[in-house]
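See below for run01.cif, which holds mmCIF, C-alpha atoms and all ligand atoms.
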data_target
#
loop_
_atom_site.label_atom_id
_atom_site.label_comp_id
_atom_site.auth_asym_id
_atom_site.auth_seq_id
_atom_site.Cartn_x
_atom_site.Cartn_y
_atom_site.Cartn_z
CA MET A 54 109.10 129.12 157.04
CA LYS A 55 108.94 125.34 157.37
CA HIS A 56 111.81 123.36 158.86
CA ALA A 57 113.66 120.88 156.68
CA PRO A 58 111.79 117.57 156.94
CA ALA A 59 113.31 114.52 158.50
CA LEU A 60 114.89 112.19 155.98
CA LEU A 61 112.49 109.50 154.84
CA ASP A 62 113.27 105.86 155.41
CA PRO A 63 114.96 104.69 152.17
CA LEU A 64 112.64 101.67 152.09
CA GLN A 65 109.59 103.95 152.20
CA VAL A 66 110.99 106.02 149.34
CA ALA A 67 111.78 102.88 147.30
CA ALA A 68 108.32 101.41 147.91
CA LEU A 69 106.66 104.67 146.92
CA LEU A 70 108.73 104.97 143.75
CA ILE A 71 107.82 101.43 142.71
CA GLU A 72 104.10 102.04 143.31
CA LEU A 73 104.18 105.40 141.53
CA GLY A 74 106.03 103.89 138.57
CA LYS A 75 103.38 101.17 138.23
CA GLU A 76 100.52 103.67 138.43
CA ALA A 77 102.20 105.96 135.91
CA ARG A 78 102.75 103.10 133.42
CA LEU A 79 99.01 102.53 133.16
CA GLN A 80 98.82 105.82 131.24
CA ARG A 81 101.59 104.95 128.75
CA PHE A 82 99.42 105.00 125.64
CA GLU A 83 97.79 108.28 126.68
CA VAL A 84 100.98 110.23 127.43
CA ALA A 85 103.45 108.97 124.80
CA PRO A 86 105.77 110.39 123.59
CA ASN A 87 105.89 112.08 127.00
CA PRO A 88 107.22 109.88 129.79
CA CYS A 89 105.02 108.08 132.32
CA VAL A 90 105.62 109.87 135.63
CA GLY A 91 104.18 109.47 139.11
CA ALA A 92 104.59 111.75 142.12
CA ALA A 93 103.64 111.80 145.80
CA LEU A 94 103.52 114.74 148.16
CA LEU A 95 104.29 114.15 151.83
CA ALA A 96 103.95 116.05 155.08
CA GLY A 97 105.74 114.70 158.16
CA GLY A 98 106.33 111.38 156.39
CA GLU A 99 102.65 110.90 155.46
CA VAL A 100 101.49 110.88 151.84
CA ILE A 101 98.94 113.68 151.43
CA GLY A 102 98.56 113.68 147.65
CA ARG A 103 99.62 111.60 144.69
CA GLY A 104 99.30 112.00 140.97
CA VAL A 105 100.43 110.71 137.62
CA HIS A 106 100.82 112.35 134.24
CA ARG A 107 97.58 111.21 132.62
CA TRP A 108 97.51 112.50 129.07
CA PHE A 109 99.71 114.22 126.53
CA GLY A 110 99.38 117.97 127.03
CA GLY A 111 97.86 117.52 130.47
CA PRO A 112 99.28 118.49 133.88
CA HIS A 113 102.46 116.75 134.97
CA ALA A 114 102.47 114.31 137.89
CA GLU A 115 103.94 116.82 140.35
CA ILE A 116 101.11 119.26 139.62
CA GLU A 117 98.50 116.49 139.91
CA ALA A 118 99.96 115.52 143.32
CA LEU A 119 99.83 119.14 144.52
CA ARG A 120 96.21 119.39 143.35
CA ALA A 121 95.28 116.10 144.95
CA ALA A 122 96.61 117.32 148.30
CA GLY A 123 94.24 120.30 148.12
CA ALA A 124 94.41 122.53 151.19
CA ARG A 125 96.86 120.15 152.85
CA ALA A 126 99.47 121.00 150.19
CA ALA A 127 100.44 124.01 152.33
CA ALA A 128 101.85 121.59 154.90
CA ALA A 129 103.83 119.53 152.37
CA ASP A 130 107.55 119.22 152.99
CA THR A 131 108.66 116.43 150.64
CA LEU A 132 108.05 115.32 147.07
CA VAL A 133 108.81 111.85 145.71
CA VAL A 134 108.78 111.74 141.91
CA THR A 135 109.79 108.99 139.50
CA LEU A 136 111.49 111.31 137.00
CA GLU A 137 113.51 114.50 137.31
CA PRO A 138 111.04 117.42 137.24
CA CYS A 139 110.94 119.37 133.99
CA SER A 140 112.78 122.64 133.77
CA SER A 141 111.51 124.04 130.48
CA HIS A 142 108.27 125.29 128.98
CA GLY A 143 106.53 122.62 126.92
CA LYS A 144 102.76 122.31 126.75
CA THR A 145 102.75 123.27 130.44
CA PRO A 146 104.99 125.58 132.56
CA PRO A 147 108.15 124.11 134.16
CA CYS A 148 107.39 121.93 137.18
CA VAL A 149 110.53 123.15 139.01
CA ASP A 150 108.80 126.54 139.42
CA ALA A 151 105.67 125.02 140.92
CA ILE A 152 107.71 122.77 143.23
CA ALA A 153 109.87 125.65 144.45
CA ALA A 154 106.79 127.85 144.96
CA SER A 155 105.01 125.14 146.96
CA GLY A 156 107.35 125.44 149.96
CA ILE A 157 108.58 121.84 149.72
CA SER A 158 112.16 121.51 150.90
CA ARG A 159 113.18 117.97 149.94
CA VAL A 160 112.72 116.07 146.69
CA TYR A 161 113.47 112.41 145.97
CA VAL A 162 113.93 111.78 142.26
CA GLY A 163 113.70 108.27 140.76
CA ALA A 164 115.53 108.88 137.47
CA LEU A 165 117.37 111.57 135.56
CA ASP A 166 115.81 113.03 132.42
CA PRO A 167 117.44 111.02 129.58
CA ASP A 168 117.17 113.92 127.15
CA PRO A 169 120.72 115.32 126.92
CA ARG A 170 119.30 118.84 126.50
CA HIS A 171 117.60 118.70 129.92
CA ARG A 172 119.45 116.00 131.84
CA GLY A 173 120.31 117.17 135.37
CA ARG A 174 118.92 120.66 134.80
CA GLY A 175 115.75 120.17 136.85
CA ILE A 176 117.73 118.91 139.83
CA GLU A 177 120.25 121.74 139.48
CA LEU A 178 117.52 124.40 139.41
CA LEU A 179 115.82 122.96 142.48
CA ARG A 180 119.14 122.93 144.36
CA GLU A 181 119.83 126.53 143.28
CA ARG A 182 116.53 127.44 144.92
CA GLY A 183 117.60 125.86 148.18
CA LEU A 184 115.82 122.50 147.98
CA GLU A 185 117.55 119.29 148.99
CA VAL A 186 117.39 116.80 146.14
CA GLU A 187 118.30 113.14 146.32
CA LEU A 188 118.57 110.93 143.26
CA VAL A 189 117.38 107.41 144.10
CA ASP A 190 118.71 105.58 141.08
CA GLY A 191 117.59 102.11 140.10
CA THR A 192 114.26 101.73 141.95
CA ALA A 193 111.92 102.96 139.22
CA PRO A 194 114.23 102.86 136.19
CA LEU A 195 112.99 104.48 133.03
CA ASP A 196 113.56 101.34 130.98
CA GLU A 197 110.79 99.79 133.09
CA VAL A 198 108.53 102.77 133.74
CA ALA A 199 108.69 104.50 130.33
CA PRO A 200 110.92 102.68 127.81
CA HIS A 201 109.22 104.53 124.94
CA PHE A 202 110.64 107.78 126.32
CA LEU A 203 114.17 106.39 126.01
CA HIS A 204 113.52 105.81 122.28
CA TRP A 205 111.95 109.25 121.93
CA THR A 206 115.05 110.91 123.39
CA ASP A 207 117.76 108.71 121.86
CA ASN A 208 120.40 110.26 119.62
CA GLU A 209 118.93 108.91 116.41
CA ARG A 210 115.47 110.34 117.10
CA LEU A 211 116.86 113.67 118.28
CA ARG A 212 119.03 113.93 115.17
CA ARG A 213 116.17 113.13 112.80
CA PRO A 214 113.07 114.29 114.63
CA ARG A 215 109.61 113.35 113.44
CA PRO A 216 106.27 113.36 115.23
CA TRP A 217 105.17 110.49 117.43
CA THR A 218 102.56 108.80 115.25
CA ILE A 219 99.62 106.75 116.48
CA ALA A 220 98.04 104.65 113.75
CA LYS A 221 94.44 103.99 114.67
CA TRP A 222 92.02 101.96 112.68
CA ALA A 223 88.85 99.97 113.07
CA GLN A 224 88.59 96.53 111.52
CA THR A 225 86.01 93.85 111.09
CA ARG A 226 86.37 90.39 112.66
CA THR A 227 88.15 89.32 109.49
CA GLY A 228 90.58 92.24 109.73
CA GLN A 229 89.25 94.46 106.97
CA LEU A 230 89.02 98.23 107.34
CA ILE A 231 85.98 98.62 105.12
CA PRO A 232 82.76 96.92 106.29
CA PRO A 233 80.37 95.15 103.92
CA ALA A 234 78.45 97.76 101.91
CA ASP A 235 75.20 96.99 103.76
CA VAL A 236 76.67 97.38 107.26
CA GLY A 237 77.14 100.72 109.06
CA GLU A 238 76.36 102.73 105.91
CA GLY A 239 79.38 101.02 104.39
CA ARG A 240 81.78 102.86 106.71
CA TRP A 241 81.09 102.33 110.43
CA ILE A 242 82.70 99.32 112.10
CA SER A 243 83.21 100.28 115.73
CA SER A 244 80.67 101.08 118.40
CA HIS A 245 79.54 104.41 119.82
CA ALA A 246 81.74 103.80 122.90
CA SER A 247 84.82 103.42 120.69
CA LEU A 248 83.96 106.54 118.72
CA GLU A 249 83.77 108.45 122.01
CA GLU A 250 87.27 107.24 122.90
CA VAL A 251 88.53 108.39 119.53
CA ALA A 252 86.94 111.80 120.09
CA VAL A 253 89.05 112.15 123.23
CA LEU A 254 92.17 110.93 121.44
CA ARG A 255 91.67 113.51 118.68
CA SER A 256 91.70 116.35 121.18
CA ARG A 257 94.99 115.07 122.58
CA VAL A 258 97.04 115.16 119.40
CA ASP A 259 98.49 118.09 117.48
CA ALA A 260 97.40 116.86 114.04
CA ILE A 261 95.25 114.21 112.38
CA VAL A 262 96.59 112.79 109.12
CA THR A 263 94.41 111.06 106.57
CA GLY A 264 94.52 110.15 102.86
CA VAL A 265 92.39 111.55 100.09
CA GLY A 266 91.00 108.04 99.54
CA THR A 267 89.18 108.32 102.87
CA VAL A 268 88.00 111.87 102.15
CA VAL A 269 86.53 110.84 98.80
CA ALA A 270 84.94 107.61 100.04
CA ASP A 271 83.53 108.70 103.41
CA ASP A 272 83.44 112.52 103.43
CA PRO A 273 84.46 112.56 107.12
CA ARG A 274 84.63 115.74 109.20
CA MET A 275 87.44 114.54 111.50
CA THR A 276 86.38 117.06 114.13
CA VAL A 277 86.50 116.76 117.92
CA ARG A 278 83.19 116.09 119.61
CA PRO A 279 82.40 115.50 123.31
CA PRO A 280 83.66 113.79 125.40
CA GLY A 281 86.75 115.13 123.60
CA ASP A 282 87.82 118.67 124.43
CA VAL A 283 86.22 120.60 121.55
CA SER A 284 88.33 123.65 122.37
CA ARG A 285 91.48 121.77 121.29
CA PRO A 286 90.87 120.62 117.73
CA PRO A 287 94.02 119.38 115.99
CA VAL A 288 95.07 120.49 112.52
CA ARG A 289 93.59 118.16 109.89
CA VAL A 290 96.08 117.12 107.23
CA VAL A 291 95.05 115.35 104.03
CA LEU A 292 97.66 113.65 101.85
CA ASP A 293 96.27 114.48 98.46
CA SER A 294 99.00 114.56 95.83
CA ARG A 295 96.76 115.61 92.92
CA LEU A 296 94.17 117.65 94.84
CA ARG A 297 91.33 115.18 94.42
CA THR A 298 89.57 116.49 97.53
CA PRO A 299 86.16 117.85 96.47
CA PRO A 300 85.75 121.54 97.41
CA THR A 301 82.47 120.50 99.07
CA ALA A 302 84.25 118.03 101.39
CA ARG A 303 83.11 118.33 104.99
CA ILE A 304 86.69 118.10 106.26
CA LEU A 305 87.26 121.62 104.93
CA THR A 306 84.63 123.15 107.18
CA GLN A 307 85.96 125.01 110.18
CA VAL A 308 83.62 124.68 113.12
CA ARG A 309 83.82 126.00 116.68
CA THR A 310 80.70 125.28 118.71
CA HIS A 311 80.22 123.83 122.19
CA SER A 312 79.53 120.44 120.61
CA GLU A 313 82.12 120.32 117.82
CA GLY A 314 85.59 121.66 117.11
CA GLY A 315 87.30 121.52 113.73
CA GLY A 316 90.29 123.72 113.05
CA ARG A 317 92.51 124.25 110.02
CA THR A 318 92.69 121.75 107.18
CA VAL A 319 95.87 121.46 105.16
CA LEU A 320 96.04 119.54 101.88
CA LEU A 321 99.53 118.25 101.09
CA CYS A 322 100.01 117.90 97.34
CA VAL A 323 102.77 117.83 94.78
CA GLY A 324 103.26 120.57 92.17
CA GLY A 325 101.33 120.76 88.92
CA ALA A 326 97.80 120.32 90.26
CA ASP A 327 94.96 121.85 88.26
CA ALA A 328 94.85 125.65 88.94
CA SER A 329 91.06 126.04 89.02
CA ARG A 330 90.78 123.18 91.46
CA HIS A 331 93.49 124.77 93.56
CA HIS A 332 91.53 128.04 93.72
CA ALA A 333 88.23 126.32 94.44
CA LEU A 334 89.79 124.48 97.37
CA LEU A 335 91.32 127.67 98.76
CA ASP A 336 87.91 129.35 98.48
CA ALA A 337 86.40 126.42 100.34
CA GLY A 338 88.72 127.11 103.29
CA ALA A 339 91.56 124.66 102.62
CA GLU A 340 95.20 125.54 103.11
CA ILE A 341 97.34 123.98 100.41
CA HIS A 342 100.98 123.12 100.84
CA GLU A 343 103.04 121.80 97.96
CA LEU A 344 105.70 119.24 98.74
CA HIS A 345 108.58 118.95 96.34
CA VAL A 346 108.96 115.22 95.98
CA ALA A 347 106.40 112.89 94.43
CA THR A 348 106.70 109.13 94.65
CA ASP A 349 104.73 106.39 92.94
CA ASP A 350 102.55 106.30 96.08
CA GLY A 351 101.79 110.01 96.24
CA VAL A 352 103.56 112.58 98.38
CA ASP A 353 106.87 111.57 99.93
CA LEU A 354 106.20 110.51 103.53
CA ARG A 355 109.61 111.80 104.68
CA ASP A 356 108.62 115.25 103.42
CA VAL A 357 105.33 114.87 105.24
CA GLN A 358 107.18 114.15 108.49
CA ARG A 359 109.36 117.21 108.01
CA TYR A 360 106.33 119.38 107.27
CA LEU A 361 104.44 118.14 110.32
CA TRP A 362 107.42 118.63 112.62
CA GLU A 363 108.86 121.89 111.31
CA ASP A 364 105.95 123.79 109.79
CA LEU A 365 103.12 122.64 112.02
CA GLY A 366 105.19 122.01 115.16
CA ALA A 367 103.30 118.73 115.56
CA ARG A 368 104.75 116.33 118.12
CA ARG A 369 101.91 113.82 118.52
CA VAL A 370 99.99 112.86 115.42
CA LEU A 371 97.02 110.60 114.85
CA LEU A 372 96.92 108.68 111.57
CA GLU A 373 93.28 107.94 110.69
CA ALA A 374 93.55 106.71 107.13
CA GLY A 375 92.42 103.86 104.93
CA PRO A 376 94.45 100.73 104.23
CA VAL A 377 96.60 102.29 101.48
CA LEU A 378 98.12 105.14 103.48
CA THR A 379 98.19 103.23 106.77
CA SER A 380 100.19 100.38 105.24
CA HIS A 381 102.62 102.84 103.64
CA TYR A 382 103.16 104.58 106.96
CA ILE A 383 103.83 101.23 108.62
CA SER A 384 106.22 100.02 105.94
CA HIS A 385 108.20 103.27 106.04
CA GLY A 386 108.68 102.89 109.80
CA PHE A 387 106.75 106.05 110.68
CA VAL A 388 104.30 104.45 113.12
CA ASP A 389 105.22 104.55 116.82
CA GLN A 390 102.02 103.30 118.38
CA VAL A 391 98.97 101.38 117.17
CA ARG A 392 95.40 101.34 118.42
CA VAL A 393 93.15 98.85 116.65
CA TYR A 394 89.42 98.51 117.28
CA THR A 395 87.90 95.21 116.20
CA GLY A 396 84.15 95.63 115.88
CA SER A 397 81.53 92.92 115.88
CA VAL A 398 81.14 92.97 112.11
CA ASN A 399 81.73 89.93 109.94
CA GLY A 400 83.33 90.05 106.53
CA GLY A 401 84.32 93.29 104.90
CA ARG A 402 86.06 94.79 101.91
CA GLY A 403 89.60 95.67 100.98
CA PRO A 404 92.94 94.46 102.29
CA ASN A 405 93.72 93.29 105.79
CA LEU A 406 96.53 95.03 107.70
CA GLY A 407 97.23 91.92 109.80
CA PRO A 408 100.32 90.86 107.79
CA GLU A 409 101.84 94.37 108.14
CA LEU A 410 101.17 94.31 111.85
CA LEU A 411 102.71 90.87 112.28
CA ARG A 412 105.96 92.05 110.73
CA LEU A 413 106.32 94.78 113.36
CA LYS A 414 108.00 94.22 116.67
CA LEU A 415 105.40 95.38 119.14
CA SER A 416 105.99 96.07 122.81
CA GLU A 417 103.95 96.74 125.96
CA ARG A 418 100.85 95.32 124.34
CA LEU A 419 97.51 95.94 126.02
CA ASP A 420 94.25 94.18 125.12
CA ARG A 421 91.03 95.60 126.44
CA GLU A 422 87.35 95.97 125.61
CA VAL A 423 85.25 99.04 124.90
CA GLY A 424 81.54 98.32 124.69
CA PRO A 425 81.24 95.42 122.24
CA ASP A 426 84.62 96.13 120.58
CA ALA A 427 88.01 94.56 121.27
CA VAL A 428 90.84 97.08 121.43
CA PHE A 429 94.49 96.32 121.01
CA GLU A 430 97.22 98.86 121.75
CA ALA A 431 100.99 98.61 121.54
CA PHE A 432 104.16 100.53 120.89
CA VAL A 433 106.15 99.77 117.75
CA ASP A 434 109.79 98.96 118.27
CA ALA A 435 111.74 101.40 116.11
CA GLN A 436 114.74 99.15 115.34
CA ARG A 437 112.81 96.28 113.89
CA THR A 438 110.59 98.66 111.90
CA SER A 439 113.49 100.43 110.23
CA HIS A 440 114.69 97.00 109.11
CA LEU A 441 111.30 96.66 107.38
CA ARG A 442 112.04 99.54 105.07
CA SER A 443 114.45 97.43 103.09
CA PHE A 444 111.52 95.32 101.89
CA HIS A 445 109.75 98.26 100.25
N1 LIG B 501 88.42 101.28 109.27
C1 LIG B 501 89.08 102.40 109.38
O1 LIG B 501 89.64 102.70 110.44
C2 LIG B 501 89.16 103.32 108.21
C3 LIG B 501 89.76 104.57 108.34
C4 LIG B 501 89.84 105.41 107.22
C5 LIG B 501 89.30 104.96 106.02
N2 LIG B 501 88.71 103.74 105.95
C6 LIG B 501 88.15 103.26 104.69
O2 LIG B 501 89.20 103.20 103.74
C7 LIG B 501 88.67 103.44 102.44
C8 LIG B 501 89.60 104.34 101.69
O3 LIG B 501 90.80 103.64 101.57
P1 LIG B 501 92.12 104.21 100.95
O4 LIG B 501 93.16 103.24 101.35
O5 LIG B 501 91.91 104.54 99.53
O6 LIG B 501 92.27 105.61 101.72
P2 LIG B 501 93.54 106.38 102.30
O7 LIG B 501 94.61 105.44 102.69
O8 LIG B 501 93.00 107.27 103.36
O9 LIG B 501 94.03 107.28 101.08
C9 LIG B 501 94.89 106.76 100.13
C10 LIG B 501 95.29 107.85 99.16
O10 LIG B 501 96.14 108.80 99.79
C11 LIG B 501 96.92 109.42 98.79
N3 LIG B 501 98.34 109.46 99.15
C12 LIG B 501 99.14 110.56 99.02
N4 LIG B 501 100.38 110.26 99.36
C13 LIG B 501 100.41 108.95 99.72
C14 LIG B 501 101.44 108.07 100.14
N5 LIG B 501 102.71 108.48 100.29
N6 LIG B 501 101.12 106.80 100.41
C15 LIG B 501 99.86 106.37 100.27
N7 LIG B 501 98.83 107.14 99.87
C16 LIG B 501 99.10 108.45 99.59
C17 LIG B 501 96.79 108.57 97.53
O11 LIG B 501 95.95 109.26 96.61
P3 LIG B 501 96.65 110.27 95.56
O12 LIG B 501 97.68 109.45 94.83
O13 LIG B 501 95.56 110.75 94.71
O14 LIG B 501 97.29 111.36 96.35
C18 LIG B 501 96.08 107.32 98.01
O15 LIG B 501 95.28 106.72 97.06
C19 LIG B 501 87.27 103.98 102.63
O16 LIG B 501 86.35 103.03 102.21
C20 LIG B 501 87.15 104.21 104.11
O17 LIG B 501 85.87 103.90 104.60
C21 LIG B 501 88.63 102.91 107.01
#

Transcribe the structure of this file into structure tokens.
Amino acid sequence: MKHAPALLDPLQVAALLIELGKEARLQRFEVAPNPCVGAALLAGGEVIGRGVHRWFGGPHAEIEALRAAGARAAAADTLVVTLEPCSSHGKTPPCVDAIAASGISRVYVGALDPDPRHRGRGIELLRERGLEVELVDGTAPLDEVAPHFLHWTDNERLRRPRPWTIAKWAQTRTGQLIPPADVGEGRWISSHASLEEVAVLRSRVDAIVTGVGTVVADDPRMTVRPPGDVSRPPVRVVLDSRLRTPPTARILTQVRTHSEGGGRTVLLCVGGADASRHHALLDAGAEIHELHVATDDGVDLRDVQRYLWEDLGARRVLLEAGPVLTSHYISHGFVDQVRVYTGSVNGGRGPNLGPELLRLKLSERLDREVGPDAVFEAFVDAQRTSHLRSFH
């Protein structure tokens, strides 16, 4: 049995928490709606492993730090972590179990879990198992390290839960989502490097949502291909109020090979669709779910949110639709995060989503480049977006 470690110098703990918070924040667009978290494992006051939560569904920071320490983890006596370790089963087992099993005896925690259902529970469980836990409040506050997580766990969002939605689109230099007919077979705007990024993103969401307009125009498969994890294909959901999806559509094909993964496809429609079409689509492998409310735009997006959350259990959703559905999602305040690829294509067809985007209050913006494309990512501020709804 290891002896209790000497207390760390508070300045060392503070400095570590600040560094870990900064490292963790770099992954904000990959982990949301999960929090950005960083952790360091120490033995005799020396850092022997550090890690951050890198992607939604992936190992938590504490587990990454234990892995990074490798064989030296056996000597670890202290953990410094920016957020209270999780105490419940989510996509991964509770970190408190792994921490307790690791033989660590002291934990410095940078912030309490803001979710009222879990707040303080991780610390309590660690203490029950005999670990000393110190809360170092204020050094790596959540409103700096992971403000999106405060929105995700606020009362309003917990009372009316809906999936975290990432709207992703590719646009030409003039901001149009549809390229000129003679460029990229009339549908490709972004580069191969960007498509590879999207393949990874697809394998890190629970569902992909698109509109029937895209299915009819492009006949996409919306599958996961390498470098995405083909073993984790999300559910494909098509908003198709009148069942216009052709039974031959490629999105209906289920595929599980080493180079492509495509799981279930659900068509969301409203009642009264043509019966023979309904049967043909079922025969083609589609699942069909009727929503009760129709609007002038198609299916009711609030119903869609409920279906995704309750029936599919989807928590992180990727919206990969054309301008019609994407702009409706934005104007209804259902977009939490945007990722926009601007390809090196001039001109284009259809509307430009720029005006919609300008009306949003965006935060934590990041501009970067992938191959020849410019990529822009940001979170959407919920308050300002809900104000938008009054205009529609
Ligand atoms: N650049 C990109 O990133 C990108 C991505 C996807 C597509 N595209 C392009 O976009 C074009 C298709 O555009 P699009 O705007 O027609 O496709 P879309 O936005 O994917 O689909 C729109 C259709 O979805 C259905 N829908 C059902 N409920 C809806 C609701 N509540 N709100 C809005 N729509 C609802 C409607 O058809 P019903 O009324 O029949 O249900 C509507 O016409 C294609 O040319 C494609 O290449 C570009």

Fewer than 6 positions away in the same chain doesn't count, so skip those; otherwise give me all residues within 6 Å of region 193-202 of chain A, counting only C-alpha atoms, as a tab-separated table (two decimals) with C-alpha atoms, in the coordinates of the input.
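Output saved as selection_6.tsv:
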chain	number	residue	atom	x	y	z
A	70	LEU	CA	108.73	104.97	143.75
A	71	ILE	CA	107.82	101.43	142.71
A	74	GLY	CA	106.03	103.89	138.57
A	78	ARG	CA	102.75	103.10	133.42
A	88	PRO	CA	107.22	109.88	129.79
A	89	CYS	CA	105.02	108.08	132.32
A	163	GLY	CA	113.70	108.27	140.76

> In Å, how far is it from CA of Gln390 (chain A) to CA of Lys221 (chain A)?
Replying inline: 8.5 Å

>> Residues contacting ligand LIG 501 (chain B) - anything with an atom at most 7 Å away, using only C-alpha atoms and all ligand atoms - can you give me those as a PyMOL selection string?
In response: chain A and resi 221-224+230-231+240+242+263-268+270-271+292-295+297+348+350-354+373-379+381

> So which one's closest to Glu313 (chain A), A:Thr192, A:Thr301, A:Asn399, A:Ser284? Using only C-alpha atoms, please.
Replying inline: A:Ser284

> Around (118.5, 117.7, 124.4) in the file's frame, which residues reach within 12 Å when counting all atoms listed in the file? Return as a PyMOL selection string?
Replying inline: chain A and resi 141+166-174+205-212+214

> Hey, which of A:Ala59, A:Leu415, A:Leu203, A:Ala124 ends up closest to Gly98 (chain A)? Count all atoms listed in the file.
Replying inline: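 Closest to Gly98 (chain A) of all the choices is A:Ala59.
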
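The smallest atom-to-atom distance between Phe387 (chain A) and any of A:Val283, A:Ile341, A:Ala220, A:Ala347, using all atoms listed in the file, is found for A:Ala220.
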
> What is the distance, in Å and to one decimal place, between CA of Arg103 (chain A) and CA of Glu76 (chain A)?
Replying inline: 10.1 Å

>> Which residues are near Leu79 (chain A)? Cut-off 12 Å, only C-alpha atoms, ignore same chain within fewer than 2 positions. Put them as a list in words.
In response: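 What passes the distance filter is Glu72, Leu73, Gly74, Lys75, Glu76, Ala77, Arg81, Phe82, Glu83, Val84, Ala85, Pro88, Cys89, Val90, Gly91, Val105, His106, Arg107, Trp108, Val198, Ala199, Glu417, Arg418 and Leu419 of chain A.
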
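Proximity ranking of A:Ala302, A:Val251, A:Cys139, A:Val100 relative to Val393 (chain A) places A:Val251 first, based on all atoms listed in the file.
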
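CA of Leu60 (chain A) lies 17.3 Å from CA of Leu179 (chain A).
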
> Around (109.8, 118.2, 149.7) in the file's own coordinates, what residues are found within 7 Å if you use all atoms listed in the file, given back as a VMD selection string?
Replying inline: chain A and resid 129 to 132 157 to 160
